[in-house]
Amino acid sequence: MRRIFVLFVIGCFLVSAAAFAAERYPDRIITDVVVWAAGGGTDVCNRVVMAEMEKYLGVKINVVNMTGGVSGSIGMNHVYSQPHDGYTLCGLSESCVTAGVQGGFDKGMKVWDFFIIGGSPDVVSVPAGSPYKSLEELIEAAKKNPGAIKAGASAAGSIHHLNLLALEKGTGADFNFIPYPGSAPAQNAALTGEVEVVVTSVAEQSQLIRAGQFRPLAVLIPDAFTIDSITIPSAFDFYPQLKEYLPISQAIGFAVPADVPEERKAVLREAFKKAIESETIQKWAKENFYILSGKTGEEAKKEFLWLESLFSWTLWELGAAEINPETLGIPKPEELPR
Amino acid sequence: MVSALTNLALFFNELLLMLRAPFNIALLFGSVALGIFFGAAPGLTATLGVALLTTLTYRMSTEVAILALLGMYVGAIYGGSYSSILINIPGTAAAAATAMDGYPLACQGKAGKALGITTTSSFIGTLVGMIFVAAFTPLICRIALNFTSFEFFLLAFFGIMISGTLGSEDLAYKGWISGFLGLFLACMGRDQLQFYPRFTFGIPELDGGIDVVPALIGAFGIPQIIEVLRKEVVPLVFQEVRRVTPELKELLRHLPTAIRSALIGVGIGAIPGVGEDIAAWTAYGVAKNASKHPERYGKGEIDGVVASESANNACIGGAIIPLLSLGIPGSPPAAMLLGALLLHGVQPGPMLTIDHPTFIPKVTAALFLNAFGMFVVGMLLVKQVIKLLKIPQVILMAIVGVLCVIGSYAIGLRIFNLYLMLPVGLLAYCLTKMKYPIAPLVIGVILGPMADANLRRALMVSGGSFLPIFTRPVALVLFLATVFMAVSQVSWVKSQLKRLRKKVPLLSEEERYILAQPNRKG
């Protein structure tokens, strides 16, 4: 009896040692901590992609939400405090890059490695009854009467505000920026006639554009964008100099701490790439007006560092940042390669 | 007409589909009961409940998820009245107006009656809201689109002013002072337009401003706990209740108030971003002003409870209207609902009826079922929760104290919320001692950001001019209503109004006699 027991214990040791030697990743549940609320763009993208990645990784991925702090800092701090073993991911978006200058996450974006799912492009629209039929007419009117045309977008320093600022810089037009607490209230204000122009994402406007309540003038990306039978031209076609300032695209995705073992990151990259290329995700993106990116590694990091620099310095210049980006070692956007 | 009939047929079709699965029925009662718990527990709100349930329903089918989420929403808005009536601490901001008359009723030993009528009113309110979702969505939307920043500001200001006139024992000014204090507290933190820190004293935790939930719990909870422990409060009377469903005669007497308040609730709910709390206060204020006995309000008037409870539940239907037809949520919990819909691949907006033709009938069917679910669960619960009053108040308050601490912490898992809740509570206690009403303070904190950001945005849009207040019809009506309400509190105007009322008797002597009779059966 005793001998059997001893043999059993030895057997157990041997099996676990063998398992350890092979070091399979992943061999247990992965948790994806999304720093924004359930149902938001970041949350939805993460859930859809994680459901697909589960198939390739062979383990379940739990998506949880941990909101709060500034720019999602509570969730980011939580993930960073967990073991850097690739079992805790952080679902985030481009808006998280300001956590540093807002005093929520002093380590900056350089400590992460990113997996960018994509985003929905920004579009400049006017209500259906507006006199402006094209982007050129709108820009001409704004140049003739600087500051007279009211443009609505979400709060100062948000991605849509930065797109509006870039549009102004690239065309020389001057709008009266009216900030709203989010894209939905800004679009509502355009419907009520409080503002004459609105800049939000195609995904957010798709219903109103398809219903004919909004007239989309131009998307703020290099290529035209099609919704159903409506083709929205690119603003770059009218104002080529815009490419100096644009595109500033949404970057929804997830991240792991940069010092997660390289072979584990490779496993994640592989599964992520397969997920993005899968038919499910491609179809989902098309139906929801997202442009998929699929960037990982150096490429993704470069994009996030650039966004961090752009957002941080813009907020600092607006007087809306808590901490000087210089003290955090964030270079100015001009100093970074695009 | 034809489309209305088709919609009706679709509605019944969806209703039957939902009822066919036993799982759905279990889910219906389960989520309503969970909602009531979320509503009744101070610190757990409808918004939080819907948010938490959203992740749990991710893998369910869309209609089942809607059934569960709306059940949570309806239950939580109704459940807030439990703690308002039984312990004078509103479980949610939406139920703050219910405490005004609900708690005095409990002190008179009529807690069972109050909870029974609350359940019925919430039921009526939810149904009225549902009817509006089904029948008047396009109309309501057109009205809601008249609200620009000026109107939002005036509405928020009106809400603060009206809550100020309702609560004060001696002078209306005290209510307003309390309301403005709340407004000042709401100014703390980053401003919403330029993101500039105001009154944050370099404390990063204050960046996000004053959280509503800890302020609500502190302001209502702490004074109540202190007063009970100091034995300043009349001990509550426990009476065995045989019957919680109100008698038909009694129901009919309160029906006009219930319907009117429900209509107010739907209207306010339909305005984007304005929630159940303002709906309840406005309905309460209108009921008080329309009543022949305004002096009874605040001392245990059933009509007061009816007004606030039918309005806050009707607001749910109202809030869903702009959500479905414009993609703009009408209230904070509806914003969570929007997230849940997006998660299920349903993008609400003007194209919803084309993309998902059966979606609106689905929502109305779910709302209808939830109204019944709430009524059944509510009526079963009332007899049980009333037993809470058997627990000596001193012991109950110790438990409530712990719950207050947990509730404040749970909302953002921030210890800072406790440092916020306690001073606000002590401030509120001092104010109560000086006979300043507390409700306007909380309403000020809740509506402050809306009033502040919208006024400034409105002035940005108008180039600094106040003229649009007088040229925009909705703004003018809101402005005049606010001015009238303020002026009517001046004692000279008050006496003139009273004289005017006496000259025109609205009721015959006989009717007055009947109304003056105390309710013998209650």
# chains A, B, ... in the order shown; residues from 1 in each chain; ligands from 1
>>> closest_atom_pairs(of="chain A", to="chain B", cutoff="7 Å", atoms="only C-alpha atoms", output="Markdown table")
| residue | atom | partner | partner_atom | distance |
| --- | --- | --- | --- | --- |
| A:Ala38 | CA | B:Gly339 | CA | 6.4 |
| A:Gly39 | CA | B:Gly339 | CA | 3.6 |
| A:Gly40 | CA | B:Gly339 | CA | 5.7 |
| A:Val44 | CA | B:Leu343 | CA | 5.6 |
| A:Gly68 | CA | B:Gly412 | CA | 6.7 |
| A:Ala155 | CA | B:Leu193 | CA | 6.2 |
| A:Ala156 | CA | B:Gln194 | CA | 5.8 |
| A:Ile178 | CA | B:Arg457 | CA | 6.8 |
| A:Pro179 | CA | B:Leu193 | CA | 5.7 |
| A:Pro181 | CA | B:Gln192 | CA | 6.9 |
| A:Ala184 | CA | B:Ile328 | CA | 5.8 |
| A:Ala189 | CA | B:Thr148 | CA | 6.6 |
| A:Thr192 | CA | B:Leu145 | CA | 5.3 |
| A:Glu194 | CA | B:Thr148 | CA | 6.3 |
| A:Gln207 | CA | B:Gly349 | CA | 5.5 |
| A:Leu208 | CA | B:Pro350 | CA | 6.4 |
| A:Ala211 | CA | B:Met351 | CA | 5.8 |
| A:Ala320 | CA | B:Phe195 | CA | 5.3 |
>>> write_last_selection(atoms="C-alpha atoms", output="mmCIF file, in the first residue's frame")
data_model
loop_
_atom_site.group_PDB
_atom_site.id
_atom_site.type_symbol
_atom_site.label_atom_id
_atom_site.label_comp_id
_atom_site.auth_asym_id
_atom_site.auth_seq_id
_atom_site.Cartn_x
_atom_site.Cartn_y
_atom_site.Cartn_z
ATOM 1 C CA ALA A 38 -19.347 47.630 -20.919
ATOM 2 C CA GLY A 39 -20.999 48.398 -24.235
ATOM 3 C CA GLY A 40 -18.607 51.164 -25.232
ATOM 4 C CA VAL A 44 -17.420 45.772 -27.834
ATOM 5 C CA GLY A 68 -12.581 54.921 -13.272
ATOM 6 C CA ALA A 155 -14.877 67.408 -24.901
ATOM 7 C CA ALA A 156 -11.710 69.472 -25.356
ATOM 8 C CA ILE A 178 -18.530 73.928 -28.904
ATOM 9 C CA PRO A 179 -17.612 71.022 -26.578
ATOM 10 C CA PRO A 181 -19.834 65.582 -22.976
ATOM 11 C CA ALA A 184 -24.220 61.487 -28.885
ATOM 12 C CA ALA A 189 -27.012 69.402 -30.897
ATOM 13 C CA THR A 192 -31.540 70.618 -32.887
ATOM 14 C CA GLU A 194 -27.481 74.364 -31.983
ATOM 15 C CA GLN A 207 -27.693 55.665 -38.293
ATOM 16 C CA LEU A 208 -28.227 59.371 -38.852
ATOM 17 C CA ALA A 211 -31.567 57.913 -42.375
ATOM 18 C CA ALA A 320 -6.045 71.099 -19.433
#
>>> residues_around(residues="Ala99 in chain B", least_positions_apart="5", cutoff="7 Å", atoms="only C-alpha atoms", output="PyMOL selection string")
chain B and resi 84-85+88+90
>>> write_last_selection(atoms="N, CA and C atoms", output="PDB file, in the first residue's frame")
ATOM      1  N   SER B  84     -36.636  54.753   1.189  1.00  0.00           N
ATOM      2  CA  SER B  84     -37.185  56.089   1.422  1.00  0.00           C
ATOM      3  C   SER B  84     -38.273  56.037   2.473  1.00  0.00           C
ATOM      4  N   ILE B  85     -39.164  55.093   2.340  1.00  0.00           N
ATOM      5  CA  ILE B  85     -40.325  55.033   3.226  1.00  0.00           C
ATOM      6  C   ILE B  85     -39.941  54.462   4.584  1.00  0.00           C
ATOM      7  N   ASN B  88     -36.137  56.500   5.697  1.00  0.00           N
ATOM      8  CA  ASN B  88     -35.932  57.910   5.339  1.00  0.00           C
ATOM      9  C   ASN B  88     -34.595  58.162   4.660  1.00  0.00           C
ATOM     10  N   PRO B  90     -33.229  57.640   0.936  1.00  0.00           N
ATOM     11  CA  PRO B  90     -33.599  57.139  -0.385  1.00  0.00           C
ATOM     12  C   PRO B  90     -32.548  56.188  -0.941  1.00  0.00           C
TER      13      PRO B  90
END
>>> closest_residue(among="A:Thr296, A:Ser183, A:Ser309, A:Thr327", to="Thr98 in chain A", atoms="only C-alpha atoms")
A:Ser309
>>> closest_residue(among="A:Asp259, A:Ala153, A:Val199, A:Gln213", to="Pro185 in chain A", atoms="only C-alpha atoms")
A:Ala153
>>> residues_around(residues="range 134-142 of chain A", least_positions_apart="3", cutoff="6 Å", atoms="only C-alpha atoms", output="list in words")
Asn145, Pro146, Ala173, Asp174 and Leu217 of chain A
>>> write_last_selection(atoms="C-alpha atoms", output="short mmCIF file (atom, residue, chain, number, x, y, z; two decimals), in the first residue's frame")
data_model
loop_
_atom_site.label_atom_id
_atom_site.label_comp_id
_atom_site.auth_asym_id
_atom_site.auth_seq_id
_atom_site.Cartn_x
_atom_site.Cartn_y
_atom_site.Cartn_z
CA ASN A 145 -16.35 84.57 -41.39
CA PRO A 146 -13.76 83.29 -38.91
CA ALA A 173 -10.50 77.66 -41.55
CA ASP A 174 -11.58 78.87 -38.13
CA LEU A 217 -19.16 66.05 -46.22
#
>>> select_by_dssp(residues="range 46-195 of chain A", states="strand (DSSP E)", output="ChimeraX atom specification")
/A:61-65,88-92,112-119,122-127,150-154,176-180
>>> write_last_selection(atoms="C-alpha atoms", output="short mmCIF file (atom, residue, chain, number, x, y, z; two decimals), in the first residue's frame")
data_model
loop_
_atom_site.label_atom_id
_atom_site.label_comp_id
_atom_site.auth_asym_id
_atom_site.auth_seq_id
_atom_site.Cartn_x
_atom_site.Cartn_y
_atom_site.Cartn_z
CA ILE A 61 -10.69 34.66 -22.25
CA ASN A 62 -12.71 36.48 -19.63
CA VAL A 63 -13.50 40.08 -20.47
CA VAL A 64 -14.08 42.26 -17.40
CA ASN A 65 -14.50 46.00 -17.07
CA THR A 88 -3.79 39.58 -17.89
CA LEU A 89 -4.45 41.82 -20.87
CA CYS A 90 -5.54 45.44 -20.79
CA GLY A 91 -8.32 46.49 -23.19
CA LEU A 92 -7.77 50.14 -24.02
CA TRP A 112 3.17 48.48 -22.95
CA ASP A 113 3.11 46.41 -26.11
CA PHE A 114 0.00 47.01 -28.17
CA PHE A 115 -2.37 45.01 -30.35
CA ILE A 116 -4.44 47.49 -32.36
CA ILE A 117 -7.82 46.23 -33.52
CA GLY A 118 -8.74 49.41 -35.35
CA GLY A 119 -11.32 52.14 -35.15
CA ASP A 122 -13.91 60.58 -38.17
CA VAL A 123 -16.38 62.29 -40.47
CA VAL A 124 -17.37 65.94 -40.87
CA SER A 125 -21.16 66.20 -41.25
CA VAL A 126 -23.84 68.86 -41.43
CA PRO A 127 -27.57 68.45 -40.75
CA LYS A 150 -20.30 76.52 -34.69
CA ALA A 151 -18.76 73.06 -34.74
CA GLY A 152 -19.71 70.46 -32.15
CA ALA A 153 -17.54 67.58 -30.94
CA SER A 154 -16.88 65.75 -27.69
CA ASN A 176 -16.23 78.10 -33.09
CA PHE A 177 -15.65 74.83 -31.21
CA ILE A 178 -18.53 73.93 -28.90
CA PRO A 179 -17.61 71.02 -26.58
CA TYR A 180 -20.14 68.35 -25.55
#
>>> residues_around(residues="Tyr73 in chain B", least_positions_apart="2", cutoff="8 Å", atoms="only C-alpha atoms", output="ChimeraX atom specification")
/B:32,35,46-47,49-50,69-71,75-77,316,333
>>> closest_residue(among="A:Gly170, A:Phe311, A:Gly253, A:Tyr80", to="Phe272 in chain A", atoms="only C-alpha atoms")
A:Gly253
